[in-house]
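A.B. asks: Got a file for you: input-v5.cif, mmCIF, C-alpha atoms and all ligand atoms.
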```cif
data_query
#
loop_
_atom_site.label_atom_id
_atom_site.label_comp_id
_atom_site.auth_asym_id
_atom_site.auth_seq_id
_atom_site.Cartn_x
_atom_site.Cartn_y
_atom_site.Cartn_z
CA MET Q 1 4.45 11.80 -11.13
CA SER Q 2 2.65 13.16 -14.18
CA VAL Q 3 -1.12 13.15 -14.02
CA THR Q 4 -3.38 13.04 -17.04
CA THR Q 5 -6.16 15.62 -17.07
CA HIS Q 6 -9.33 13.57 -16.94
CA THR Q 7 -12.32 15.82 -16.90
CA SER Q 8 -14.88 16.61 -19.57
CA ALA Q 9 -14.94 20.25 -18.45
CA ASP Q 10 -13.44 22.90 -20.70
CA VAL Q 11 -11.00 24.59 -18.35
CA SER Q 12 -9.75 27.17 -20.85
CA SER Q 13 -12.53 29.76 -20.40
CA PRO Q 14 -14.17 31.50 -17.42
CA GLU Q 15 -17.41 29.66 -18.21
CA GLY Q 16 -15.57 26.34 -18.25
CA LEU Q 17 -13.87 27.06 -14.96
CA ILE Q 18 -17.20 28.01 -13.36
CA ARG Q 19 -18.73 24.80 -14.74
CA LEU Q 20 -15.91 22.74 -13.22
CA GLY Q 21 -16.20 24.58 -9.90
CA THR Q 22 -19.93 23.87 -9.69
CA ALA Q 23 -19.78 20.22 -10.81
CA PHE Q 24 -20.80 19.31 -7.24
CA CYS Q 25 -24.34 20.39 -8.25
CA ASP Q 26 -24.49 17.60 -10.86
CA ALA Q 27 -23.25 15.11 -8.29
CA LYS Q 28 -25.78 16.18 -5.68
CA ILE Q 29 -28.68 15.93 -8.16
CA LEU Q 30 -27.78 12.28 -8.82
CA LEU Q 31 -27.26 11.52 -5.11
CA SER Q 32 -30.59 13.13 -4.15
CA ALA Q 33 -32.37 11.16 -6.88
CA LEU Q 34 -30.98 7.96 -5.39
CA GLU Q 35 -31.89 9.06 -1.85
CA LEU Q 36 -35.43 9.89 -3.00
CA ASP Q 37 -35.75 6.47 -4.69
CA VAL Q 38 -36.45 8.01 -8.09
CA PHE Q 39 -34.82 5.14 -10.00
CA SER Q 40 -36.50 2.30 -8.11
CA THR Q 41 -39.84 4.11 -8.49
CA LEU Q 42 -39.45 4.57 -12.24
CA ALA Q 43 -38.20 0.98 -12.66
CA ALA Q 44 -41.78 -0.14 -11.93
CA LYS Q 45 -43.24 2.03 -14.73
CA PRO Q 46 -42.70 5.39 -16.48
CA LEU Q 47 -44.52 8.26 -14.73
CA THR Q 48 -45.56 11.84 -15.42
CA LEU Q 49 -43.94 14.61 -13.40
CA ALA Q 50 -47.03 14.86 -11.18
CA GLU Q 51 -47.12 11.08 -10.57
CA LEU Q 52 -43.40 10.91 -9.87
CA SER Q 53 -43.59 13.93 -7.54
CA ASP Q 54 -46.42 12.27 -5.67
CA ALA Q 55 -44.62 8.93 -5.44
CA VAL Q 56 -41.27 10.22 -4.15
CA GLY Q 57 -42.45 13.39 -2.38
CA LEU Q 58 -41.19 16.26 -4.57
CA HIS Q 59 -42.34 19.80 -3.79
CA PRO Q 60 -43.63 21.57 -6.95
CA ARG Q 61 -41.12 24.41 -6.43
CA GLY Q 62 -38.12 22.30 -7.52
CA GLY Q 63 -39.59 19.16 -9.03
CA ARG Q 64 -39.62 20.18 -12.69
CA ASP Q 65 -36.06 21.57 -12.60
CA PHE Q 66 -34.81 18.50 -10.76
CA VAL Q 67 -36.38 15.97 -13.12
CA THR Q 68 -35.37 17.94 -16.22
CA ALA Q 69 -31.80 18.11 -14.87
CA LEU Q 70 -31.80 14.32 -14.47
CA VAL Q 71 -32.81 14.03 -18.14
CA THR Q 72 -30.07 16.49 -19.15
CA LEU Q 73 -27.53 14.52 -17.12
CA GLY Q 74 -28.54 11.38 -19.02
CA VAL Q 75 -29.93 9.23 -16.21
CA LEU Q 76 -33.63 9.74 -17.07
CA GLU Q 77 -35.31 9.89 -20.46
CA ALA Q 78 -38.45 11.84 -21.41
CA ASP Q 79 -41.06 9.95 -23.44
CA GLY Q 80 -43.95 12.34 -24.22
CA ASP Q 81 -45.05 13.60 -20.81
CA ARG Q 82 -43.65 10.56 -19.00
CA TYR Q 83 -40.20 9.93 -17.52
CA ARG Q 84 -38.32 6.65 -17.41
CA ASN Q 85 -34.85 5.50 -16.33
CA SER Q 86 -31.99 5.41 -18.82
CA ALA Q 87 -30.86 1.84 -19.55
CA ALA Q 88 -27.85 2.18 -17.20
CA ALA Q 89 -29.85 3.83 -14.39
CA ASP Q 90 -32.45 1.07 -14.65
CA ARG Q 91 -29.81 -1.63 -14.41
CA PHE Q 92 -27.50 -0.12 -11.81
CA LEU Q 93 -29.56 2.31 -9.71
CA ASP Q 94 -32.78 0.36 -9.09
CA ARG Q 95 -32.44 -1.07 -5.58
CA GLY Q 96 -34.70 -3.98 -6.51
CA LYS Q 97 -32.23 -5.49 -9.00
CA PRO Q 98 -29.27 -7.76 -8.19
CA SER Q 99 -27.14 -5.56 -10.51
CA TYR Q 100 -27.75 -2.55 -8.19
CA SER Q 101 -24.47 -0.64 -7.85
CA GLY Q 102 -25.64 2.37 -5.85
CA GLY Q 103 -24.09 1.26 -2.54
CA PHE Q 104 -21.02 3.40 -3.07
CA LEU Q 105 -23.17 6.38 -4.08
CA GLU Q 106 -25.32 6.01 -0.95
CA ARG Q 107 -22.16 6.23 1.10
CA ALA Q 108 -20.96 9.16 -1.02
CA ASN Q 109 -24.20 10.95 -0.17
CA ASN Q 110 -24.22 10.17 3.55
CA MET Q 111 -20.55 10.46 4.43
CA LEU Q 112 -18.28 11.67 1.66
CA TYR Q 113 -20.34 14.64 0.47
CA PRO Q 114 -20.46 16.23 3.96
CA ALA Q 115 -16.77 15.40 4.55
CA TRP Q 116 -15.67 17.02 1.27
CA THR Q 117 -17.05 20.38 2.41
CA HIS Q 118 -14.08 20.35 4.86
CA LEU Q 119 -11.41 19.49 2.27
CA THR Q 120 -9.54 22.76 2.86
CA ASP Q 121 -9.22 21.95 6.59
CA ALA Q 122 -8.01 18.42 5.81
CA LEU Q 123 -5.42 19.78 3.38
CA ARG Q 124 -4.15 22.23 6.00
CA THR Q 125 -4.05 19.76 8.89
CA GLY Q 126 -3.75 16.28 7.36
CA GLU Q 127 -6.56 15.27 9.74
CA PRO Q 128 -9.71 13.31 8.89
CA GLN Q 129 -12.88 15.41 8.79
CA VAL Q 130 -15.47 12.98 10.13
CA LYS Q 131 -15.56 12.95 13.88
CA GLY Q 132 -15.61 10.15 16.46
CA LYS Q 133 -17.32 6.97 15.43
CA ASP Q 134 -18.35 8.48 12.09
CA GLY Q 135 -14.68 8.54 11.15
CA ASP Q 136 -14.04 4.94 12.15
CA ILE Q 137 -15.31 2.63 9.43
CA VAL Q 138 -14.71 -0.51 11.47
CA ALA Q 139 -16.52 0.84 14.57
CA GLN Q 140 -19.39 1.97 12.38
CA MET Q 141 -19.72 -1.47 10.82
CA ALA Q 142 -19.85 -3.06 14.26
CA ASP Q 143 -22.43 -0.52 15.42
CA SER Q 144 -25.58 -2.06 13.94
CA ARG Q 145 -26.63 -4.61 11.37
CA GLU Q 146 -28.08 -1.80 9.28
CA HIS Q 147 -24.71 0.02 9.11
CA LEU Q 148 -22.91 -3.24 8.42
CA ASP Q 149 -25.24 -4.12 5.54
CA GLN Q 150 -24.89 -0.62 4.10
CA PHE Q 151 -21.08 -0.87 4.09
CA LEU Q 152 -21.11 -4.38 2.68
CA ALA Q 153 -23.45 -3.35 -0.13
CA MET Q 154 -21.14 -0.44 -0.90
CA MET Q 155 -18.09 -2.73 -1.02
CA ASP Q 156 -19.92 -5.29 -3.17
CA SER Q 157 -20.81 -2.61 -5.71
CA LEU Q 158 -17.03 -2.14 -6.18
CA ASN Q 159 -15.74 -5.72 -5.80
CA SER Q 160 -18.35 -7.07 -8.26
CA GLN Q 161 -16.61 -5.05 -10.95
CA VAL Q 162 -13.17 -6.36 -9.94
CA ALA Q 163 -14.05 -10.06 -9.58
CA PRO Q 164 -14.28 -11.07 -13.28
CA LYS Q 165 -10.97 -9.29 -13.99
CA LEU Q 166 -9.27 -10.97 -11.05
CA ALA Q 167 -10.64 -14.33 -12.20
CA ALA Q 168 -8.89 -13.80 -15.56
CA ALA Q 169 -5.67 -12.13 -14.38
CA PHE Q 170 -4.18 -14.99 -12.37
CA ASP Q 171 -3.43 -18.62 -13.18
CA TRP Q 172 -5.99 -20.21 -10.85
CA ALA Q 173 -5.91 -23.55 -12.68
CA GLY Q 174 -2.97 -24.88 -10.69
CA ARG Q 175 -4.39 -23.87 -7.28
CA THR Q 176 -6.95 -25.51 -5.06
CA ASP Q 177 -7.84 -22.86 -2.47
CA PHE Q 178 -7.59 -19.22 -1.49
CA VAL Q 179 -8.12 -17.04 1.57
CA ASP Q 180 -9.84 -13.67 1.11
CA VAL Q 181 -8.35 -11.45 3.84
CA GLY Q 182 -10.80 -8.67 4.74
CA GLY Q 183 -13.17 -10.54 2.43
CA ALA Q 184 -16.32 -9.06 4.04
CA ARG Q 185 -19.48 -11.09 3.30
CA GLY Q 186 -17.73 -13.21 0.66
CA ASN Q 187 -19.10 -11.57 -2.45
CA LEU Q 188 -15.79 -11.48 -4.34
CA SER Q 189 -14.99 -15.06 -3.26
CA ALA Q 190 -18.34 -16.28 -4.56
CA LEU Q 191 -17.81 -14.55 -7.91
CA LEU Q 192 -14.30 -16.06 -8.21
CA LEU Q 193 -15.66 -19.54 -7.42
CA ALA Q 194 -18.32 -19.12 -10.10
CA GLU Q 195 -15.48 -18.66 -12.65
CA HIS Q 196 -13.21 -21.35 -11.14
CA PRO Q 197 -15.44 -24.03 -9.60
CA HIS Q 198 -12.50 -26.29 -8.67
CA LEU Q 199 -11.41 -23.85 -5.91
CA THR Q 200 -12.49 -23.65 -2.28
CA ALA Q 201 -12.42 -20.35 -0.40
CA ARG Q 202 -12.13 -19.07 3.12
CA VAL Q 203 -13.07 -15.53 4.10
CA PHE Q 204 -11.15 -13.94 6.98
CA ASP Q 205 -12.79 -10.86 8.51
CA LEU Q 206 -13.81 -9.39 11.85
CA PRO Q 207 -16.14 -11.68 13.85
CA HIS Q 208 -19.12 -9.30 13.71
CA VAL Q 209 -19.24 -9.74 9.92
CA ALA Q 210 -20.09 -13.48 10.29
CA PRO Q 211 -23.93 -13.20 10.37
CA ALA Q 212 -23.92 -11.03 7.25
CA PHE Q 213 -21.57 -13.54 5.58
CA ASP Q 214 -23.95 -16.43 6.45
CA ASP Q 215 -26.97 -14.59 5.05
CA HIS Q 216 -25.18 -13.57 1.85
CA MET Q 217 -23.87 -17.10 1.21
CA LYS Q 218 -27.37 -18.53 1.68
CA ARG Q 219 -28.73 -15.94 -0.75
CA LEU Q 220 -26.09 -16.91 -3.34
CA GLY Q 221 -26.33 -20.65 -2.61
CA THR Q 222 -22.57 -20.90 -1.93
CA GLN Q 223 -22.69 -21.75 1.80
CA ASP Q 224 -21.08 -25.21 1.27
CA ARG Q 225 -18.08 -23.90 -0.66
CA ILE Q 226 -16.92 -20.84 1.26
CA SER Q 227 -16.09 -20.85 4.98
CA PHE Q 228 -15.64 -17.91 7.33
CA THR Q 229 -12.92 -17.39 9.94
CA GLY Q 230 -13.44 -14.50 12.33
CA GLY Q 231 -10.39 -12.62 13.58
CA ASP Q 232 -8.47 -9.35 13.68
CA PHE Q 233 -5.67 -9.16 11.12
CA PHE Q 234 -3.66 -6.85 13.37
CA LYS Q 235 -3.80 -9.23 16.35
CA ASP Q 236 -4.39 -12.74 14.98
CA PRO Q 237 -2.46 -14.80 12.45
CA MET Q 238 -4.09 -14.94 9.02
CA PRO Q 239 -5.40 -18.37 7.95
CA SER Q 240 -2.89 -20.03 5.66
CA GLY Q 241 -3.60 -20.99 2.06
CA GLN Q 242 -2.07 -21.45 -1.37
CA VAL Q 243 -3.27 -18.00 -2.37
CA LEU Q 244 -4.14 -15.01 -0.17
CA VAL Q 245 -6.23 -12.18 -1.63
CA MET Q 246 -6.24 -8.73 -0.02
CA GLY Q 247 -8.50 -6.32 -1.88
CA HIS Q 248 -9.49 -2.75 -1.05
CA VAL Q 249 -8.00 -3.33 2.38
CA LEU Q 250 -4.52 -1.79 2.46
CA HIS Q 251 -5.65 1.70 1.40
CA ASN Q 252 -7.51 2.07 4.72
CA TRP Q 253 -4.25 1.96 6.68
CA SER Q 254 -0.96 3.82 7.04
CA ALA Q 255 2.16 2.76 5.10
CA GLU Q 256 3.63 1.18 8.24
CA GLN Q 257 0.45 -0.86 8.88
CA ARG Q 258 0.34 -1.95 5.22
CA LEU Q 259 3.84 -3.35 5.43
CA GLY Q 260 2.88 -5.14 8.67
CA LEU Q 261 -0.14 -6.73 6.95
CA ILE Q 262 1.91 -7.81 3.94
CA ARG Q 263 4.50 -9.39 6.26
CA LYS Q 264 1.71 -11.27 8.02
CA ALA Q 265 0.27 -12.40 4.71
CA TYR Q 266 3.70 -13.68 3.67
CA GLU Q 267 3.73 -15.94 6.75
CA ALA Q 268 0.29 -17.29 5.80
CA VAL Q 269 1.02 -17.97 2.11
CA GLU Q 270 2.17 -21.56 1.64
CA PRO Q 271 5.58 -22.04 -0.05
CA GLY Q 272 5.08 -21.77 -3.82
CA GLY Q 273 1.90 -19.77 -3.23
CA ALA Q 274 1.01 -16.14 -3.94
CA LEU Q 275 -0.41 -12.98 -2.40
CA LEU Q 276 -2.80 -11.01 -4.62
CA VAL Q 277 -3.33 -7.37 -3.66
CA TYR Q 278 -5.82 -5.28 -5.61
CA ASP Q 279 -6.56 -1.65 -4.88
CA ARG Q 280 -7.21 1.63 -6.63
CA MET Q 281 -3.53 2.32 -7.00
CA VAL Q 282 -2.37 5.73 -8.09
CA ASP Q 283 -0.22 5.64 -11.18
CA GLU Q 284 -0.17 7.15 -14.60
CA ARG Q 285 -3.26 5.72 -16.27
CA PRO Q 286 -5.83 8.10 -17.81
CA ALA Q 287 -8.28 7.38 -14.99
CA ASP Q 288 -5.75 8.56 -12.43
CA LEU Q 289 -7.99 11.43 -11.32
CA VAL Q 290 -10.62 8.98 -10.06
CA ASN Q 291 -8.08 7.26 -7.85
CA LEU Q 292 -6.64 10.56 -6.66
CA LEU Q 293 -10.15 11.53 -5.58
CA ILE Q 294 -10.50 8.23 -3.69
CA SER Q 295 -7.11 8.88 -2.10
CA LEU Q 296 -8.44 12.25 -0.91
CA ASP Q 297 -11.55 10.41 0.38
CA MET Q 298 -9.12 8.38 2.49
CA LEU Q 299 -7.54 11.59 3.82
CA LEU Q 300 -11.00 12.84 4.77
CA VAL Q 301 -12.45 9.70 6.35
CA THR Q 302 -9.60 7.49 7.65
CA HIS Q 303 -6.66 7.90 10.01
CA GLY Q 304 -3.60 7.69 7.76
CA GLY Q 305 -5.12 5.81 4.80
CA SER Q 306 -4.38 6.73 1.17
CA GLU Q 307 -4.07 5.13 -2.21
CA TYR Q 308 -0.53 4.03 -3.06
CA SER Q 309 1.42 3.20 -6.18
CA VAL Q 310 2.08 -0.16 -7.80
CA GLU Q 311 5.79 0.34 -7.21
CA GLU Q 312 5.27 1.01 -3.48
CA CYS Q 313 3.25 -2.19 -3.19
CA ARG Q 314 5.89 -4.22 -5.01
CA GLY Q 315 8.51 -2.73 -2.67
CA TRP Q 316 6.56 -3.78 0.45
CA MET Q 317 6.17 -7.30 -0.93
CA THR Q 318 9.87 -7.60 -1.66
CA GLU Q 319 10.68 -6.28 1.83
CA ALA Q 320 8.30 -8.86 3.34
CA GLY Q 321 10.18 -11.70 1.60
CA PHE Q 322 8.29 -12.45 -1.63
CA ALA Q 323 10.78 -13.77 -4.18
CA ARG Q 324 9.14 -12.24 -7.25
CA THR Q 325 6.43 -9.66 -7.85
CA GLU Q 326 4.38 -8.76 -10.90
CA ALA Q 327 1.81 -6.06 -11.59
CA LYS Q 328 -1.27 -6.03 -13.82
CA VAL Q 329 -3.91 -3.48 -14.70
CA LEU Q 330 -7.34 -4.86 -13.78
CA SER Q 331 -9.51 -1.96 -14.93
CA ASN Q 332 -9.46 1.82 -15.36
CA THR Q 333 -9.36 2.10 -11.60
CA ASP Q 334 -7.96 -1.09 -10.07
CA SER Q 335 -4.47 -2.56 -10.24
CA LEU Q 336 -3.29 -5.97 -9.14
CA VAL Q 337 0.10 -6.71 -7.60
CA ILE Q 338 1.09 -10.36 -7.17
CA GLY Q 339 3.80 -11.52 -4.78
CA HIS Q 340 5.11 -15.04 -5.44
CA ARG Q 341 6.55 -16.96 -2.51
CA GLU Q 342 9.42 -19.30 -3.22
CA GLY Q 343 8.50 -23.02 -3.35
C1 LIG B 401 -12.96 -1.82 2.33
S1 LIG B 401 -13.44 -3.41 2.87
C2 LIG B 401 -12.93 -4.45 1.55
C3 LIG B 401 -13.81 -5.67 1.38
C4 LIG B 401 -13.49 -6.57 0.20
N1 LIG B 401 -12.18 -7.13 0.27
C5 LIG B 401 -13.71 -5.87 -1.12
O1 LIG B 401 -12.83 -5.86 -1.96
O2 LIG B 401 -14.82 -5.35 -1.30
C6 LIG B 401 -12.30 -3.79 4.17
C7 LIG B 401 -12.63 -5.05 4.92
O3 LIG B 401 -11.61 -5.26 5.90
C8 LIG B 401 -12.22 -5.71 7.10
N2 LIG B 401 -11.38 -5.37 8.25
C9 LIG B 401 -11.13 -4.15 8.75
N3 LIG B 401 -10.32 -4.24 9.82
C10 LIG B 401 -10.06 -5.56 10.00
C11 LIG B 401 -9.28 -6.28 10.94
N4 LIG B 401 -8.61 -5.65 11.89
N5 LIG B 401 -9.22 -7.63 10.82
C12 LIG B 401 -9.89 -8.28 9.84
N6 LIG B 401 -10.65 -7.63 8.90
C13 LIG B 401 -10.74 -6.29 8.99
C14 LIG B 401 -13.54 -4.97 7.13
O4 LIG B 401 -14.47 -5.59 8.01
C15 LIG B 401 -13.95 -5.00 5.66
O5 LIG B 401 -14.72 -6.12 5.35
#
```
Now that the file is in, can you turn its structure into structure tokens?

C.D. replies:
Amino acid sequence: MSVTTHTSADVSSPEGLIRLGTAFCDAKILLSALELDVFSTLAAKPLTLAELSDAVGLHPRGGRDFVTALVTLGVLEADGDRYRNSAAADRFLDRGKPSYSGGFLERANNMLYPAWTHLTDALRTGEPQVKGKDGDIVAQMADSREHLDQFLAMMDSLNSQVAPKLAAAFDWAGRTDFVDVGGARGNLSALLLAEHPHLTARVFDLPHVAPAFDDHMKRLGTQDRISFTGGDFFKDPMPSGQVLVMGHVLHNWSAEQRLGLIRKAYEAVEPGGALLVYDRMVDERPADLVNLLISLDMLLVTHGGSEYSVEECRGWMTEAGFARTEAKVLSNTDSLVIGHREG
């Protein structure tokens, strides 16, 4: 596999190499700003350094450097002696807005950042580096409503970007329904229905996700059009439908488990129907590095999960019985593989 270099760092000089090797400082400045609620605070109104420090609790020792670094990184802007969010930070990093996309970054701060400090150990051993329950995403989600909501918000920040592409990449016109396997609180399903109002949807996920699904559907006003079936896709049959969607699910599991899930999905897809799998597949697009990093996230935080290639996914579908497969690029990060079942 050839991999495109995809970094803005100049790696041809000692300075460039040092810059690349300390890029974690940039990341941590952004993650701390989110943790300190800098963006939600400045969304209300621009503030001076003293006002902002007061509002979010910055010690004078680091405050000026921190805020100036946020300006240099392009997420804050200075206007006289006041600071305000950049347009993108205001739209995507203010918790008060429906367009908030910081869920994944919150998780990066709480779980991934500490796990990445043990990358060398993971590379030597192949073992995840978050211990006990912390390394078990499903157990963590079942742990408390707060954890569940945090995970669901993180997933929604990613699936919201996929949904419009998925709505356009498949011929939904000739279908009446779909099942979203591992569909969480139904966010992607609701966005697909907004684009294709003739469809009905059913979300299949673990039973403890049901209350969060109900609340989210009420919030979106889609409670009459999307139903929820609780179950375990390793133990229970999947609900059948014309189309099954499985997104950001397979990368959590080993290759053997993925094939098992695709076989199960094949049984649930009605004849003439299709299975749609989207994930951050690793292939030769320029954004490959992003997906390779996510694949290493999987090494660090799951038991056996990793990103996989489009060709591997097509192979599993063929092995499971799908008569024809096709692949599409959804975005810089996500690919779609479609398995068509014979009519
Ligand atoms: C990474 S999330 C993906 C959510 C959503 N499809 C998306 O694209 O954002 C994986 C989902 O699979 C669900 N899941 C995990 N194990 C499951 C199981 N054994 N049976 C059913 N659902 C499961 C989780 O609860 C979670 O909602």

A.B. asks: Check which residues fall inside 6 Å of ligand LIG 401 (chain B) when counting only C-alpha atoms and all ligand atoms, and print them as a list in words.

C.D. replies: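 Those residues are Val138, Met155, Asp156, Asn159, Gly182, Gly183, Ala184, Asp205, Leu206, Gly231, Asp232, Phe233, Phe234, Gly247, His248 and Val249 of chain Q.
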
A.B. asks: What does the structure give for the distance between atom CA of Pro197 of chain Q and atom CA of Gly241 of chain Q, in Å to one decimal?

C.D. replies: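 Computed distance, atom CA of Pro197 of chain Q to atom CA of Gly241 of chain Q, equals 16.9 Å.
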
A.B. asks: Could you list as a list in words every residue that has an atom within 12 Å of (13.4, -12.1, -1.0), using the file's coordinates and counting all atoms listed in the file?

C.D. replies: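 Residues found, by chain and rising number: Arg263, Tyr266, Arg314, Gly315, Trp316, Met317, Thr318, Glu319, Ala320, Gly321, Phe322, Ala323, Arg324, Thr325, Gly339, His340, Arg341 and Glu342 of chain Q.
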
A.B. asks: Applying 9 Å and all atoms listed in the file, which residues near Leu52 of chain Q remain after dropping the ones on its own chain fewer than 4 positions away? List them as a PDB file with C-alpha atoms, in the frame of the given file.

C.D. replies:
```
ATOM      1  CA  VAL Q  38     -36.450   8.010  -8.090  1.00  0.00           C
ATOM      2  CA  THR Q  41     -39.840   4.110  -8.490  1.00  0.00           C
ATOM      3  CA  LEU Q  42     -39.450   4.570 -12.240  1.00  0.00           C
ATOM      4  CA  PRO Q  46     -42.700   5.390 -16.480  1.00  0.00           C
ATOM      5  CA  LEU Q  47     -44.520   8.260 -14.730  1.00  0.00           C
ATOM      6  CA  THR Q  48     -45.560  11.840 -15.420  1.00  0.00           C
ATOM      7  CA  VAL Q  56     -41.270  10.220  -4.150  1.00  0.00           C
ATOM      8  CA  GLY Q  57     -42.450  13.390  -2.380  1.00  0.00           C
ATOM      9  CA  LEU Q  58     -41.190  16.260  -4.570  1.00  0.00           C
ATOM     10  CA  TYR Q  83     -40.200   9.930 -17.520  1.00  0.00           C
TER      11      TYR Q  83
END
```

A.B. asks: Using all atoms listed in the file, which protein or nucleic acid residues come within 6 Å of Arg280 of chain Q? Drop anything in the same chain fewer than 3 positions from it, and give the result as JSON, numbers by chain.

C.D. replies: {"Q": [291, 333, 334]}
